[in-house]
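J.: If it helps, the file is called run_27.cif and holds mmCIF, C-alpha atoms and all ligand atoms:
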```cif
data_input
loop_
_atom_site.group_PDB
_atom_site.id
_atom_site.type_symbol
_atom_site.label_atom_id
_atom_site.label_comp_id
_atom_site.auth_asym_id
_atom_site.auth_seq_id
_atom_site.Cartn_x
_atom_site.Cartn_y
_atom_site.Cartn_z
ATOM 1 C CA MET A 1 9.126 56.308 -41.224
ATOM 2 C CA TYR A 2 8.343 52.636 -40.492
ATOM 3 C CA LEU A 3 6.561 50.994 -43.404
ATOM 4 C CA PRO A 4 4.565 47.816 -42.605
ATOM 5 C CA LYS A 5 5.664 44.730 -44.444
ATOM 6 C CA ILE A 6 3.255 43.139 -46.909
ATOM 7 C CA ARG A 7 2.894 40.092 -44.609
ATOM 8 C CA GLU A 8 1.724 42.244 -41.682
ATOM 9 C CA VAL A 9 -0.781 44.101 -43.855
ATOM 10 C CA LYS A 10 -2.132 40.789 -45.114
ATOM 11 C CA GLU A 11 -2.487 39.423 -41.546
ATOM 12 C CA ALA A 12 -4.261 42.559 -40.387
ATOM 13 C CA LEU A 13 -6.726 42.418 -43.239
ATOM 14 C CA THR A 14 -7.358 38.694 -42.797
ATOM 15 C CA SER A 15 -7.996 39.141 -39.061
ATOM 16 C CA PHE A 16 -10.288 42.052 -39.712
ATOM 17 C CA PHE A 17 -12.608 39.997 -41.901
ATOM 18 C CA SER A 18 -12.340 36.628 -40.084
ATOM 19 C CA LYS A 19 -14.213 35.386 -36.961
ATOM 20 C CA PRO A 20 -12.605 36.205 -33.577
ATOM 21 C CA TYR A 21 -10.723 33.369 -31.837
ATOM 22 C CA THR A 22 -12.091 34.369 -28.440
ATOM 23 C CA THR A 23 -15.653 33.524 -27.349
ATOM 24 C CA LYS A 24 -18.262 36.002 -26.234
ATOM 25 C CA PHE A 25 -18.723 34.249 -22.872
ATOM 26 C CA PRO A 26 -20.890 34.783 -20.868
ATOM 27 C CA ALA A 27 -23.081 36.629 -23.393
ATOM 28 C CA GLY A 28 -22.614 34.069 -26.151
ATOM 29 C CA GLY A 29 -21.971 30.937 -24.082
ATOM 30 C CA TYR A 30 -19.217 28.444 -24.739
ATOM 31 C CA LYS A 31 -19.369 24.820 -25.888
ATOM 32 C CA PRO A 32 -16.578 22.889 -24.191
ATOM 33 C CA GLU A 33 -14.551 20.145 -25.840
ATOM 34 C CA GLU A 34 -15.608 16.546 -25.203
ATOM 35 C CA GLN A 35 -12.678 15.921 -22.819
ATOM 36 C CA PHE A 36 -13.370 19.096 -20.845
ATOM 37 C CA ARG A 37 -13.224 18.544 -17.063
ATOM 38 C CA GLY A 38 -16.252 20.286 -15.593
ATOM 39 C CA PHE A 39 -18.132 19.681 -12.357
ATOM 40 C CA PRO A 40 -18.133 16.051 -11.189
ATOM 41 C CA ARG A 41 -21.630 14.566 -10.931
ATOM 42 C CA TYR A 42 -22.727 11.416 -9.106
ATOM 43 C CA HIS A 43 -24.764 8.774 -10.929
ATOM 44 C CA ASN A 44 -27.033 6.996 -8.497
ATOM 45 C CA GLU A 45 -27.420 3.773 -10.499
ATOM 46 C CA ASP A 46 -23.630 3.267 -10.730
ATOM 47 C CA CYS A 47 -22.374 4.738 -7.443
ATOM 48 C CA VAL A 48 -22.254 2.130 -4.662
ATOM 49 C CA GLY A 49 -21.288 4.558 -1.899
ATOM 50 C CA CYS A 50 -17.866 3.035 -1.131
ATOM 51 C CA GLY A 51 -16.213 6.413 -0.436
ATOM 52 C CA THR A 52 -13.064 5.768 -2.520
ATOM 53 C CA CYS A 53 -13.589 9.052 -4.379
ATOM 54 C CA ALA A 54 -13.403 10.933 -1.059
ATOM 55 C CA GLN A 55 -10.149 9.189 -0.136
ATOM 56 C CA VAL A 56 -8.389 10.112 -3.390
ATOM 57 C CA CYS A 57 -9.696 13.690 -3.731
ATOM 58 C CA PRO A 58 -6.522 15.867 -3.408
ATOM 59 C CA PRO A 59 -8.125 18.993 -1.882
ATOM 60 C CA GLY A 60 -10.560 16.985 0.294
ATOM 61 C CA ALA A 61 -13.570 18.373 -1.564
ATOM 62 C CA ILE A 62 -15.631 15.211 -0.921
ATOM 63 C CA THR A 63 -17.005 14.432 2.529
ATOM 64 C CA VAL A 64 -18.572 11.185 3.730
ATOM 65 C CA ILE A 65 -21.059 11.313 6.597
ATOM 66 C CA ASP A 66 -22.456 8.099 8.066
ATOM 67 C CA ASP A 67 -25.685 8.367 10.065
ATOM 68 C CA LEU A 68 -26.072 5.099 11.978
ATOM 69 C CA ALA A 69 -29.474 6.104 13.399
ATOM 70 C CA LEU A 70 -30.920 6.628 9.916
ATOM 71 C CA LYS A 71 -28.722 3.861 8.410
ATOM 72 C CA THR A 72 -27.502 6.159 5.633
ATOM 73 C CA ARG A 73 -24.242 7.409 4.121
ATOM 74 C CA THR A 74 -24.141 10.808 2.419
ATOM 75 C CA LEU A 75 -21.343 11.790 0.046
ATOM 76 C CA THR A 76 -21.006 15.477 -0.758
ATOM 77 C CA ILE A 77 -18.790 17.222 -3.314
ATOM 78 C CA ASN A 78 -18.108 20.846 -2.466
ATOM 79 C CA TYR A 79 -17.497 22.732 -5.724
ATOM 80 C CA ASN A 80 -15.898 25.595 -3.763
ATOM 81 C CA SER A 81 -12.936 23.261 -3.184
ATOM 82 C CA CYS A 82 -13.027 21.037 -6.290
ATOM 83 C CA ILE A 83 -10.035 21.557 -8.605
ATOM 84 C CA HIS A 84 -11.511 19.442 -11.440
ATOM 85 C CA CYS A 85 -8.556 17.063 -11.397
ATOM 86 C CA GLY A 86 -10.677 14.003 -12.270
ATOM 87 C CA GLN A 87 -9.110 11.714 -9.640
ATOM 88 C CA CYS A 88 -12.555 10.784 -8.287
ATOM 89 C CA GLN A 89 -13.677 9.550 -11.708
ATOM 90 C CA GLU A 90 -10.383 7.782 -12.405
ATOM 91 C CA HIS A 91 -10.415 5.825 -9.124
ATOM 92 C CA CYS A 92 -14.159 5.110 -8.866
ATOM 93 C CA ILE A 93 -14.469 1.365 -8.217
ATOM 94 C CA THR A 94 -17.408 1.010 -10.622
ATOM 95 C CA GLU A 95 -15.778 3.434 -13.111
ATOM 96 C CA LYS A 96 -19.124 5.178 -13.617
ATOM 97 C CA GLY A 97 -20.268 6.327 -10.157
ATOM 98 C CA VAL A 98 -18.918 9.848 -10.536
ATOM 99 C CA ILE A 99 -18.259 11.437 -13.918
ATOM 100 C CA LEU A 100 -16.911 14.875 -14.727
ATOM 101 C CA SER A 101 -19.584 16.695 -16.680
ATOM 102 C CA ASN A 102 -19.160 19.434 -19.268
ATOM 103 C CA GLU A 103 -20.725 21.977 -16.920
ATOM 104 C CA TYR A 104 -18.271 24.723 -16.028
ATOM 105 C CA SER A 105 -20.171 27.796 -15.018
ATOM 106 C CA PHE A 106 -22.248 28.788 -12.031
ATOM 107 C CA SER A 107 -22.617 32.125 -10.332
ATOM 108 C CA ILE A 108 -23.421 32.428 -6.664
ATOM 109 C CA MET A 109 -23.417 35.134 -4.027
ATOM 110 C CA ASP A 110 -23.272 32.722 -1.095
ATOM 111 C CA LYS A 111 -20.678 29.944 -0.725
ATOM 112 C CA LYS A 112 -23.330 27.851 1.034
ATOM 113 C CA ASP A 113 -25.720 28.026 -1.921
ATOM 114 C CA PRO A 114 -27.138 24.483 -2.501
ATOM 115 C CA SER A 115 -25.987 24.537 -6.142
ATOM 116 C CA VAL A 116 -22.380 24.435 -4.874
ATOM 117 C CA PHE A 117 -22.899 20.958 -3.440
ATOM 118 C CA GLU A 118 -23.459 17.648 -5.181
ATOM 119 C CA ASN A 119 -24.962 15.007 -2.863
ATOM 120 C CA ILE A 120 -25.707 11.331 -3.025
ATOM 121 C CA LYS A 121 -27.298 9.220 -0.286
ATOM 122 C CA LYS A 122 -26.963 5.455 0.171
ATOM 123 C CA ASP A 123 -28.484 2.950 2.618
ATOM 124 C CA VAL A 124 -25.940 1.194 4.810
ATOM 125 C CA LEU A 125 -25.923 -2.188 6.497
ATOM 126 C CA LEU A 126 -25.235 -2.377 10.236
ATOM 127 C CA CYS A 127 -23.773 -5.305 12.176
ATOM 128 C CA GLU A 128 -26.571 -7.325 13.832
ATOM 129 C CA VAL A 129 -24.302 -8.020 16.808
ATOM 130 C CA CYS A 130 -22.711 -4.673 17.734
ATOM 131 C CA GLY A 131 -24.486 -2.134 15.490
ATOM 132 C CA ALA A 132 -21.273 -0.976 13.746
ATOM 133 C CA LEU A 133 -21.369 -0.043 10.079
ATOM 134 C CA ILE A 134 -20.492 -2.890 7.689
ATOM 135 C CA ALA A 135 -20.837 -1.207 4.277
ATOM 136 C CA PRO A 136 -23.398 0.466 2.010
ATOM 137 C CA SER A 137 -25.979 -2.084 0.811
ATOM 138 C CA ASP A 138 -25.286 -1.214 -2.852
ATOM 139 C CA GLN A 139 -21.568 -1.874 -2.365
ATOM 140 C CA LEU A 140 -22.273 -5.327 -0.884
ATOM 141 C CA ARG A 141 -24.611 -6.079 -3.780
ATOM 142 C CA TRP A 142 -21.933 -4.964 -6.257
ATOM 143 C CA ILE A 143 -19.282 -7.208 -4.636
ATOM 144 C CA ARG A 144 -21.768 -10.077 -4.500
ATOM 145 C CA GLU A 145 -22.454 -9.813 -8.232
ATOM 146 C CA ARG A 146 -18.742 -9.839 -8.992
ATOM 147 C CA LEU A 147 -18.206 -12.907 -6.802
ATOM 148 C CA GLY A 148 -20.988 -14.842 -8.499
ATOM 149 C CA ALA A 149 -21.578 -18.282 -6.953
ATOM 150 C CA LYS A 150 -18.611 -17.778 -4.573
ATOM 151 C CA ALA A 151 -20.732 -15.255 -2.654
ATOM 152 C CA TYR A 152 -22.697 -18.154 -1.098
ATOM 153 C CA ALA A 153 -19.578 -19.004 0.933
ATOM 154 C CA HIS A 154 -19.897 -15.881 3.093
ATOM 155 C CA PRO A 155 -22.803 -15.646 5.594
ATOM 156 C CA ASN A 156 -23.253 -11.877 5.033
ATOM 157 C CA PHE A 157 -23.704 -12.373 1.301
ATOM 158 C CA LEU A 158 -25.826 -15.476 1.821
ATOM 159 C CA LEU A 159 -28.267 -13.495 3.998
ATOM 160 C CA ASN A 160 -28.071 -10.623 1.547
ATOM 161 C CA ILE A 161 -29.157 -12.934 -1.286
ATOM 162 C CA GLN A 162 -31.976 -14.440 0.825
ATOM 163 C CA ARG A 163 -33.241 -10.955 1.711
ATOM 164 C CA ASP A 164 -33.796 -10.310 -1.987
ATOM 165 C CA PHE A 165 -36.496 -12.996 -1.878
ATOM 166 C CA PHE A 166 -37.812 -13.087 1.725
ATOM 167 C CA GLU A 167 -38.488 -10.750 4.611
ATOM 168 C CA LEU A 168 -35.916 -11.927 7.159
ATOM 169 C CA GLU A 169 -36.139 -10.352 10.593
ATOM 170 C CA PRO A 170 -32.767 -9.625 12.290
ATOM 171 C CA SER A 171 -31.980 -12.322 14.846
ATOM 172 C CA VAL A 172 -32.163 -11.583 18.579
ATOM 173 C CA ALA A 173 -28.865 -11.028 20.415
ATOM 174 C CA LYS A 174 -27.926 -13.758 22.927
ATOM 175 C CA SER A 175 -26.261 -13.383 26.336
ATOM 176 C CA ARG A 176 -22.908 -14.031 24.642
ATOM 177 C CA ILE A 177 -21.687 -14.541 21.107
ATOM 178 C CA ARG A 178 -21.958 -18.156 19.920
ATOM 179 C CA ARG A 179 -21.016 -20.182 16.863
ATOM 180 C CA GLU A 180 -24.641 -20.159 15.714
ATOM 181 C CA ASP A 181 -24.336 -16.381 15.322
ATOM 182 C CA GLN A 182 -22.388 -17.138 12.135
ATOM 183 C CA ILE A 183 -25.709 -16.752 10.326
ATOM 184 C CA LYS A 184 -25.978 -13.067 11.099
ATOM 185 C CA GLU A 185 -24.977 -9.992 9.166
ATOM 186 C CA ALA A 186 -21.878 -9.307 11.254
ATOM 187 C CA CYS A 187 -18.936 -6.897 10.971
ATOM 188 C CA PRO A 188 -15.418 -8.402 10.640
ATOM 189 C CA LYS A 189 -14.667 -7.795 14.359
ATOM 190 C CA CYS A 190 -17.785 -9.625 15.537
ATOM 191 C CA ARG A 191 -17.281 -12.410 13.006
ATOM 192 C CA ASN A 192 -13.819 -12.960 14.446
ATOM 193 C CA LYS A 193 -15.302 -13.057 17.974
ATOM 194 C CA ILE A 194 -18.057 -15.474 16.884
ATOM 195 C CA ILE A 195 -15.438 -17.998 15.822
ATOM 196 C CA VAL A 196 -12.622 -17.404 18.332
ATOM 197 C CA GLU A 197 -14.638 -16.739 21.491
ATOM 198 C CA ASP A 198 -17.032 -19.595 20.918
ATOM 199 C CA GLU A 199 -14.155 -21.962 20.251
ATOM 200 C CA PHE A 200 -12.124 -20.967 23.293
ATOM 201 C CA TYR A 201 -14.888 -19.793 25.634
ATOM 202 C CA ALA A 202 -14.817 -22.931 27.781
ATOM 203 C CA ILE A 203 -11.007 -22.947 28.016
ATOM 204 C CA ASN A 204 -10.699 -19.270 28.953
ATOM 205 C CA ARG A 205 -13.540 -19.197 31.466
HETATM 206 S S1 LIG F 301 -12.422 16.424 -9.604
HETATM 207 FE FE1 LIG F 301 -10.659 16.225 -8.195
HETATM 208 S S2 LIG F 301 -10.978 17.866 -6.714
HETATM 209 FE FE2 LIG F 301 -12.927 17.622 -7.767
HETATM 210 S S3 LIG F 301 -14.078 16.214 -6.472
HETATM 211 FE FE3 LIG F 301 -13.019 14.954 -8.017
HETATM 212 S S4 LIG F 301 -11.083 14.350 -7.037
HETATM 213 FE FE4 LIG F 301 -11.916 16.065 -5.846
HETATM 214 S S1 LIG F 302 -18.815 4.053 -6.340
HETATM 215 FE FE1 LIG F 302 -17.447 5.604 -7.225
HETATM 216 S S2 LIG F 302 -18.576 7.515 -6.997
HETATM 217 FE FE2 LIG F 302 -19.562 6.078 -5.659
HETATM 218 S S3 LIG F 302 -18.580 6.370 -3.650
HETATM 219 FE FE3 LIG F 302 -17.432 4.723 -4.696
HETATM 220 S S4 LIG F 302 -15.753 5.770 -5.746
HETATM 221 FE FE4 LIG F 302 -17.265 7.354 -5.174
#
```
Is it possible to express this structure as structure tokens?

T.:
Amino acid sequence: MYLPKIREVKEALTSFFSKPYTTKFPAGGYKPEEQFRGFPRYHNEDCVGCGTCAQVCPPGAITVIDDLALKTRTLTINYNSCIHCGQCQEHCITEKGVILSNEYSFSIMDKKDPSVFENIKKDVLLCEVCGALIAPSDQLRWIRERLGAKAYAHPNFLLNIQRDFFELEPSVAKSRIRREDQIKEACPKCRNKIIVEDEFYAINR
């Protein structure tokens, strides 16, 4: 007959009278560790809408939809696809726009349930010349603050600063792009045309 060793008897007795290592989830709940990687959440005051998080997300769980008619950008995290890797948080340009929370549990019957999606909406700035998207307004403001006084050297930022103080109507489009259109909120393509086409317009005509 196999006789248990004293060590095994001691372990059995200790385990019998000590707390279980496992949790009673979901009945008892579970408090995650501080570094736990739960669902990523956007923080409106720190997210500038740049879309970097969507570019680095390995499973493509973040989508970016630009609506030029409404002048908005919507970023959406789909928790059905999120693998909680933390790349979005690590590469966020402001370092605080999206942060992995401690939340880990949600039960749904429908994959399209709104609780499966985390959304954030940002206003975007359109080019006054061609109507193309330049960038989210918050992102331009964020860059402007980092540039400090150097921001006055760029017409887009200059107008952006003035619009903080005055109501400036968008300028009216002319028959062709001219040098004076420099003082417009223009996309890089149009800004290039403003300089090059105006300079060489007479020669190339
Ligand atoms: S945690 Fe990873 S998978 Fe989830 S949204 Fe962020 S980058 Fe994508
Ligand atoms: S600021 Fe951060 S959270 Fe917001 S869109 Fe850019 S990378 Fe994503």

J.: Within 6 Å of ligand LIG 302 (chain F), which residues of chain A come that close, and what is the closest atom pair and distance in Å for each? Count all atoms listed in the file and give it as JSON lines.

T.:
```
{"residue": "A:Cys47", "atom": "CA", "partner": "F:LIG302", "partner_atom": "FE2", "distance": 3.6}
{"residue": "A:Val48", "atom": "CA", "partner": "F:LIG302", "partner_atom": "S1", "distance": 4.3}
{"residue": "A:Gly49", "atom": "CA", "partner": "F:LIG302", "partner_atom": "S3", "distance": 3.7}
{"residue": "A:Cys50", "atom": "CA", "partner": "F:LIG302", "partner_atom": "FE3", "distance": 4.0}
{"residue": "A:Gly51", "atom": "CA", "partner": "F:LIG302", "partner_atom": "S3", "distance": 4.0}
{"residue": "A:Thr52", "atom": "CA", "partner": "F:LIG302", "partner_atom": "S4", "distance": 4.2}
{"residue": "A:Cys53", "atom": "CA", "partner": "F:LIG302", "partner_atom": "FE4", "distance": 4.1}
{"residue": "A:Cys92", "atom": "CA", "partner": "F:LIG302", "partner_atom": "S4", "distance": 3.6}
{"residue": "A:Ile93", "atom": "CA", "partner": "F:LIG302", "partner_atom": "S4", "distance": 5.2}
{"residue": "A:Thr94", "atom": "CA", "partner": "F:LIG302", "partner_atom": "S1", "distance": 5.4}
{"residue": "A:Gly97", "atom": "CA", "partner": "F:LIG302", "partner_atom": "S2", "distance": 3.8}
{"residue": "A:Val98", "atom": "CA", "partner": "F:LIG302", "partner_atom": "S2", "distance": 4.3}
```

J.: Let me know the residues the PyMOL selection byres (((chain A and resi 87) around 9) and not hetatm) catches in the file above, as a PyMOL selection string.

T.: chain A and resi 53+56-58+84-86+88-92

J.: Write out as a list in words the residues lying within 7 Å of A:Arg37, counting all atoms listed in the file and excluding same-chain residues fewer than 3 positions away.

T.: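 Answer for this query is His84, Leu100, Ser101 and Asn102 of chain A.
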
J.: Export, as an mmCIF file, keeping the file's coordinate frame, the selected residues with C-alpha atoms.

T.:
```
data_model
loop_
_atom_site.group_PDB
_atom_site.id
_atom_site.type_symbol
_atom_site.label_atom_id
_atom_site.label_comp_id
_atom_site.auth_asym_id
_atom_site.auth_seq_id
_atom_site.Cartn_x
_atom_site.Cartn_y
_atom_site.Cartn_z
ATOM 1 C CA HIS A 84 -11.511 19.442 -11.440
ATOM 2 C CA LEU A 100 -16.911 14.875 -14.727
ATOM 3 C CA SER A 101 -19.584 16.695 -16.680
ATOM 4 C CA ASN A 102 -19.160 19.434 -19.268
#
```

J.: Which residue, A:Asp181, A:Asp46, A:Glu169, A:Glu34, has the smallest gap to A:Lys193 when you use only C-alpha atoms?

T.: A:Asp181

J.: So that I can check the surroundings of stretch 184-186 of chain A, please list as a list in words every protein, DNA and RNA residue that reaches within 7 Å of it, counting all atoms listed in the file and ignoring chain neighbours fewer than 3 positions away.

T.: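 Counting all atoms listed in the file, the residues come to Cys127, Glu128, Val129, Pro155, Asn156, Asp181, Cys190 and Arg191 of chain A.
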
J.: Which residue, A:Val116, A:Ala153, A:Leu158, A:Ile99, has the smallest gap to ligand LIG 301 (chain F) when you use all atoms listed in the file?

T.: A:Ile99

J.: Can you work out the spacing between atom CA of A:Ser18 and atom CA of A:Tyr30 in Å, to one decimal?

T.: 18.7 Å

J.: To test the calculation: enclose all listed atoms of ligand LIG 301 (chain F) in a box whose edges run along x, y and z, add 8 Å on each side, then state centre and edge lengths in Å to one decimal, as lines of an AutoDock Vina configuration file.

T.:
```
center_x = -12.4
center_y = 16.1
center_z = -7.7
size_x = 19.4
size_y = 19.5
size_z = 19.8
```
